[in-house]
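Shown next, in structure tokens, is the structure this report addresses.
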Amino acid sequence: MAGKKRGKKRRQAPAQLVIGIFLGLLALLVVFPFYNAILASISTQKEFSLNPLMLFPKEPTLSPYTYLMEATNLMKGYGNTLFVLVLGVPFNMLVTVATGYAMARPAYPGKKLFVFLILFTMYFSGGMVPLYLLMKDLHLTNKLIGIVLLYGGNTFYAILIRNFFQSIPKELEESARMDGAGEFTLFFRILLPLTVPILVTVLLFFTVDRWNEWFNTMIMVRSSDKWTLQVILRNIVFTTLDDMASRVVSVEKTYYSLSLKMAAIVLTMAPVMVLYPFTQRFFMKGIMVGSVKG
Amino acid sequence: MGNLSAVGLSGGRKKGRHGLLEQIKKNRCIYLFMAVSLGWYLLFCYGPMYGLLLAFKDFNASKGILMSPFVGLKHYRELFQNAEFFEAFFNTLVISFSRLLVEFPAPIILALLLNELRDGPYKKTLQTIYTFPYFLSWVVVGSIVLNMLGSDGVVNNLLNMTGIGSQKFLADKSLFRPLLYITSIWKSAGWTSIIYLASMSAVSPELYEAATIDGANRLQRIRYVTLPCIRPTIVVMLLMAVGNTMNAGFDQIFNMYNPAVRSVSEILDTYIYRITFQTSGDFGFSTAVGLFKSVINFILLFAFDRLAKRMGEEGLF
């Protein structure tokens, strides 16, 4: 609200202050679980149970982290997730940009059916079991490349891209054609460079989506050496204390299971945590640019 | 059709078969984009839809989907006599409805509050913090929550210190659903509020000025200016929420629930997962449950879209 009168300002200041403080407290509530996770991951059991609200432990230890890196397949999980990311995101972009562009072009024979087929998938799907059977028939289960192929187009992002293509002035295209540009020159040289802002946004969304993928890996991939980070985290967190303890005995060192679990959580979310503040504006642009309406 | 001599306005477009071929030829590059897109969509989205046939078959792994024998509505007759299914169906509806009541308004309220703050580094920092949890998976968020509320987590440590003694929060049936709603708000309200904020920033400042001149206070401006202006956004978000009624949040529940609270938190998706992959699965039966879910969802979405349109809103389709 830019146009505030000076006289008003004085009267409104307390309300604004109250709202500001309230929202600040809410932010603390959002931060607290993360802080607690990091804290628990570097504290000893004794210190954490006696003083769970401390700001920083007196004897911080990184041993849960070294244990996770040495004795579990968490690092392998990092590698698997990166594999899915590096192959998957370009594939996502290929299918999604092609979808968005084909939906954005002016009328051509078959367009209506095409758009219908794409949009229909937003409202109806085969479901978990038929997808599993399909992957099995395609011999794509228990393979990371299967997880890559399984995620191709994303209809929401395709609509974002379509809206962006459609917002480009028609005159630009006409003048390019007048200069003799063919379809591919038009797309790659003229239109695609203009859509870079939205492409960055979609690319980042895909990156987060692939980083966070766990469900289909859990269903499709049986062997644990092919698990992605999230599935390994799930496995560590849901492993019962007994299992942990038996492993702990074998390393002849006492590990605190809460620390181990929290350390695994921290390792899984660290990249998102570190990169988010710098990429936040691109994510937000996704919302500003266009509604997700079909 | 067949009027070959008819010449359209744009570049001599001809109708009829000859014109169609010409149109296809003219747009041949588009079909390449279309092929890339449809190739994936047909295989991975429509492929599984073919598998829905299983809902009416007795699946036999050696025979495959096509050759397995038809059994008509057998799975549905079993389904409607299955107490576990009804429990899951009931929980799905209750949880979804409660989410609409409890979770849906949260980001709107948050956006209204944020909208009252002046732009600046403070507001920006708040938004960064609020939106961050949205970008984490439910595996991560669920794990944090479980560990914080678990026997050696921070909450029970505090309770032990104060002498109340540790509680089994995660096994408490009356606490579990509220826990779902609170954690879901914690994770997503911040991000969703950005959608509403974007919609609010499009409200013309003149409207606020006019309202202020008319003597409207802060709350009245929200009630009579902001809310009516963001109504279309609220309706679209509401329709999308209704379109998710049958889903009820699988990712979250699956990563947070345990057998002790299953009776209040088993939803259709977790039920399908459990009967398919944990107890030895009857794929035909599981598919039948999944199809039931999808169809109800589809009907709900269309019904509410119609309703919204009848009430003068834009709707989804």
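Ligands are numbered from 1 in the order shown, residues from 1 within each chain, and chains are lettered A, B, ... in the order they appear in the structure tokens.
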
Check your understanding: Neighbours of range 133-148 of chain B within 6 Å (only C-alpha atoms; same-chain residues fewer than 3 positions away dropped), as a list in words?
Key ->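 Residues meeting the cut-off are Asn212 of chain A; Gly153, Val154, Lys187, Ser188, Asp251, Gln252, Asn255 and Met256 of chain B.
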
Return as a Markdown table the residues of chain A lying at most 6 Å from chain B, together with the closest atom-to-atom pair for each and the distance in Å to one decimal, counting only C-alpha atoms, with rows in chain order and ascending residue number.
| residue | atom | partner | partner_atom | distance |
| --- | --- | --- | --- | --- |
| A:Ser49 | CA | B:Asn157 | CA | 5.4 |
| A:Pro52 | CA | B:Val154 | CA | 5.5 |
| A:Val95 | CA | B:Ser37 | CA | 5.1 |
| A:Ala98 | CA | B:Phe33 | CA | 4.8 |
| A:Thr99 | CA | B:Ser37 | CA | 5.1 |
| A:Ala102 | CA | B:Met34 | CA | 5.8 |
| A:Gly126 | CA | B:Met49 | CA | 4.2 |
| A:Val129 | CA | B:Thr287 | CA | 6.0 |
| A:Pro130 | CA | B:Gly51 | CA | 4.8 |
| A:Leu131 | CA | B:Pro48 | CA | 4.9 |
| A:Asn212 | CA | B:Ser137 | CA | 5.1 |

Near Thr44 in chain A, within 8 Å and counting only C-alpha atoms, which residues show up once chain neighbours fewer than 2 positions away are dropped, as a PDB file with C-alpha atoms, in the first residue's frame?
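File selection09.pdb, as written:
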ATOM      1  CA  ALA A  40      20.055 -33.147  17.611  1.00  0.00           C
ATOM      2  CA  ILE A  42      25.462 -32.942  16.527  1.00  0.00           C
ATOM      3  CA  LYS A  46      22.980 -36.997  27.386  1.00  0.00           C
ATOM      4  CA  GLU A  47      23.262 -33.341  26.538  1.00  0.00           C
ATOM      5  CA  PHE A  48      20.232 -33.344  24.235  1.00  0.00           C
ATOM      6  CA  GLU A  59      30.491 -30.832  22.996  1.00  0.00           C
ATOM      7  CA  PRO A  60      29.372 -30.906  19.376  1.00  0.00           C
ATOM      8  CA  THR A  61      30.182 -34.069  17.516  1.00  0.00           C
ATOM      9  CA  TYR A 256      22.772 -42.200  19.382  1.00  0.00           C
ATOM     10  CA  SER A 259      21.447 -38.158  16.114  1.00  0.00           C
TER      11      SER A 259
END

Point to revise | alpha helix (DSSP H) positions in range 32-261 of chain A, given as a PyMOL selection string | key: chain A and resi 32-42+45-50+63-71+74-104+111-123+128-137+144-150+155-167+170-178+183-185+192-194+196-212+215-220+229-238+241-251+257-261

Point to revise | Atomic separation - CA of Gly120 in chain B relative to CA of Ala106 in chain B, Å | key: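 CA of Gly120 in chain B lies at a distance of 23.0 Å from CA of Ala106 in chain B.
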
**Study point:** Residue among A:Leu172, A:Leu17, A:Val221, A:Val208 lying closest to Thr141 in chain A, counting only C-alpha atoms
**Key:** A:Val221

Find the residues near Gly100 in chain A: any atom within 7 Å, counting only C-alpha atoms, skip ones fewer than 2 places away on the same chain, and give them as a PDB file with N, CA, C and O atoms, in the first residue's frame.
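Final file, out-v1.pdb:
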ATOM      1  N   THR A  96       8.281 -31.703 -21.817  1.00  0.00           N
ATOM      2  CA  THR A  96       7.371 -30.653 -21.349  1.00  0.00           C
ATOM      3  C   THR A  96       7.381 -29.438 -22.274  1.00  0.00           C
ATOM      4  O   THR A  96       6.331 -28.864 -22.573  1.00  0.00           O
ATOM      5  N   VAL A  97       8.565 -29.045 -22.746  1.00  0.00           N
ATOM      6  CA  VAL A  97       8.628 -27.903 -23.658  1.00  0.00           C
ATOM      7  C   VAL A  97       7.940 -28.263 -24.978  1.00  0.00           C
ATOM      8  O   VAL A  97       7.184 -27.460 -25.536  1.00  0.00           O
ATOM      9  N   ALA A  98       8.181 -29.485 -25.469  1.00  0.00           N
ATOM     10  CA  ALA A  98       7.506 -29.912 -26.703  1.00  0.00           C
ATOM     11  C   ALA A  98       5.998 -29.865 -26.522  1.00  0.00           C
ATOM     12  O   ALA A  98       5.261 -29.387 -27.387  1.00  0.00           O
ATOM     13  N   ALA A 102       3.617 -27.266 -28.610  1.00  0.00           N
ATOM     14  CA  ALA A 102       2.581 -27.805 -29.501  1.00  0.00           C
ATOM     15  C   ALA A 102       1.194 -27.341 -29.063  1.00  0.00           C
ATOM     16  O   ALA A 102       0.305 -27.162 -29.888  1.00  0.00           O
ATOM     17  N   MET A 103       1.011 -27.104 -27.758  1.00  0.00           N
ATOM     18  CA  MET A 103      -0.281 -26.611 -27.292  1.00  0.00           C
ATOM     19  C   MET A 103      -0.440 -25.124 -27.587  1.00  0.00           C
ATOM     20  O   MET A 103      -1.557 -24.618 -27.666  1.00  0.00           O
ATOM     21  N   ALA A 104       0.692 -24.431 -27.710  1.00  0.00           N
ATOM     22  CA  ALA A 104       0.632 -22.974 -27.874  1.00  0.00           C
ATOM     23  C   ALA A 104       0.428 -22.550 -29.325  1.00  0.00           C
ATOM     24  O   ALA A 104      -0.038 -21.450 -29.586  1.00  0.00           O
ATOM     25  N   ALA A 158       3.807 -27.653 -18.409  1.00  0.00           N
ATOM     26  CA  ALA A 158       3.573 -27.480 -19.849  1.00  0.00           C
ATOM     27  C   ALA A 158       2.591 -26.335 -20.091  1.00  0.00           C
ATOM     28  O   ALA A 158       2.764 -25.550 -21.031  1.00  0.00           O
ATOM     29  N   ILE A 159       1.607 -26.219 -19.223  1.00  0.00           N
ATOM     30  CA  ILE A 159       0.631 -25.130 -19.362  1.00  0.00           C
ATOM     31  C   ILE A 159       1.302 -23.782 -19.092  1.00  0.00           C
ATOM     32  O   ILE A 159       1.076 -22.809 -19.806  1.00  0.00           O
ATOM     33  N   ILE A 161       4.364 -23.085 -19.677  1.00  0.00           N
ATOM     34  CA  ILE A 161       5.177 -22.794 -20.861  1.00  0.00           C
ATOM     35  C   ILE A 161       4.284 -22.364 -22.023  1.00  0.00           C
ATOM     36  O   ILE A 161       4.592 -21.414 -22.739  1.00  0.00           O
ATOM     37  N   ARG A 162       3.151 -23.064 -22.183  1.00  0.00           N
ATOM     38  CA  ARG A 162       2.215 -22.688 -23.240  1.00  0.00           C
ATOM     39  C   ARG A 162       1.766 -21.237 -23.082  1.00  0.00           C
ATOM     40  O   ARG A 162       1.803 -20.455 -24.023  1.00  0.00           O
TER      41      ARG A 162
END

Check your understanding: When you draw a straight line from CA of Lys57 in chain B to CA of Phe70 in chain B, how long is it in Å?
Key ->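 Interatomic distance, CA of Lys57 in chain B to CA of Phe70 in chain B: 4.3 Å.
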
Exercise for review: Considering only C-alpha atoms, return as a ChimeraX atom specification whatever protein or nucleic-acid residues lie within 9 Å of range 89-104 of chain B, sequence-local ones (same chain, fewer than 5 positions apart) excluded.
Suggested key: /B:84,177,180-182,184-185,189,237-238,241-242,244-249,263-269,293

Study note, to complete from the structure: From the list B:Val235, B:Ile164, B:Leu175, B:Ala260, the nearest residue to Gly312 in chain B using only C-alpha atoms is B:Val235

Find the spatial neighbours of range 77-91 of chain A, counting only C-alpha atoms, within a cut-off of 8 Å - ignore same-chain residues fewer than 5 positions away - and output them as a compact mmCIF listing (two decimals) with N, CA and C atoms, in the first residue's frame.
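This went into result_27.txt:
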# COMPACT_ATOMS: atom_id res chain seq x y z
N LEU A 144 17.37 -47.68 -12.53
CA LEU A 144 17.22 -46.24 -12.32
C LEU A 144 16.75 -45.54 -13.59
N ILE A 145 17.12 -46.09 -14.75
CA ILE A 145 16.70 -45.46 -16.00
C ILE A 145 15.18 -45.53 -16.12
N ILE A 147 13.16 -45.06 -13.62
CA ILE A 147 12.67 -43.90 -12.85
C ILE A 147 12.81 -42.63 -13.69
N VAL A 148 13.89 -42.56 -14.46
CA VAL A 148 14.11 -41.39 -15.33
C VAL A 148 12.98 -41.30 -16.36
N LEU A 149 12.69 -42.42 -17.03
CA LEU A 149 11.71 -42.39 -18.12
C LEU A 149 10.28 -42.20 -17.61
N TYR A 151 9.16 -40.33 -15.36
CA TYR A 151 8.80 -38.92 -15.24
C TYR A 151 9.21 -38.20 -16.51
N GLY A 152 8.25 -37.95 -17.38
CA GLY A 152 8.55 -37.21 -18.61
C GLY A 152 7.92 -35.84 -18.54
N LEU A 203 12.74 -25.64 -14.96
CA LEU A 203 13.91 -26.50 -14.74
C LEU A 203 14.17 -26.67 -13.24
N PHE A 206 11.56 -28.94 -11.71
CA PHE A 206 11.86 -30.34 -12.03
C PHE A 206 13.01 -30.86 -11.18
N THR A 207 14.02 -30.00 -10.98
CA THR A 207 15.17 -30.43 -10.18
C THR A 207 14.72 -30.79 -8.77
N ARG A 210 12.65 -34.08 -8.83
CA ARG A 210 13.46 -35.29 -8.97
C ARG A 210 14.26 -35.54 -7.70
N TRP A 211 14.75 -34.46 -7.08
CA TRP A 211 15.50 -34.62 -5.83
C TRP A 211 14.62 -35.26 -4.76
N ASP A 225 21.14 -50.97 -3.54
CA ASP A 225 22.27 -50.20 -4.07
C ASP A 225 21.83 -49.26 -5.19
N LYS A 226 20.55 -49.38 -5.59
CA LYS A 226 20.04 -48.46 -6.62
C LYS A 226 19.07 -47.44 -6.04
N TRP A 227 18.93 -47.44 -4.72
CA TRP A 227 17.98 -46.52 -4.11
C TRP A 227 18.46 -45.08 -4.20
N THR A 228 17.48 -44.20 -4.34
CA THR A 228 17.82 -42.78 -4.30
C THR A 228 17.85 -42.32 -2.85
N LEU A 229 18.39 -41.11 -2.66
CA LEU A 229 18.61 -40.56 -1.34
C LEU A 229 17.37 -40.62 -0.43
N GLN A 230 16.24 -40.22 -0.99
CA GLN A 230 15.02 -40.16 -0.18
C GLN A 230 14.60 -41.54 0.31
N ILE A 232 16.59 -44.06 0.82
CA ILE A 232 17.55 -44.47 1.84
C ILE A 232 17.25 -43.76 3.17

Exercise for review: Write out as a ChimeraX atom specification each polymer residue whose atoms come within 8 Å of Val266 in chain A, counting only C-alpha atoms; drop sequence neighbours fewer than 3 positions from it.
Suggested key: /A:37-38,41,262-263,269-270

**Study point:** Atomic separation - CA of Ile234 in chain B relative to CA of Thr121 in chain A, Å
**Key:** 23.3 Å
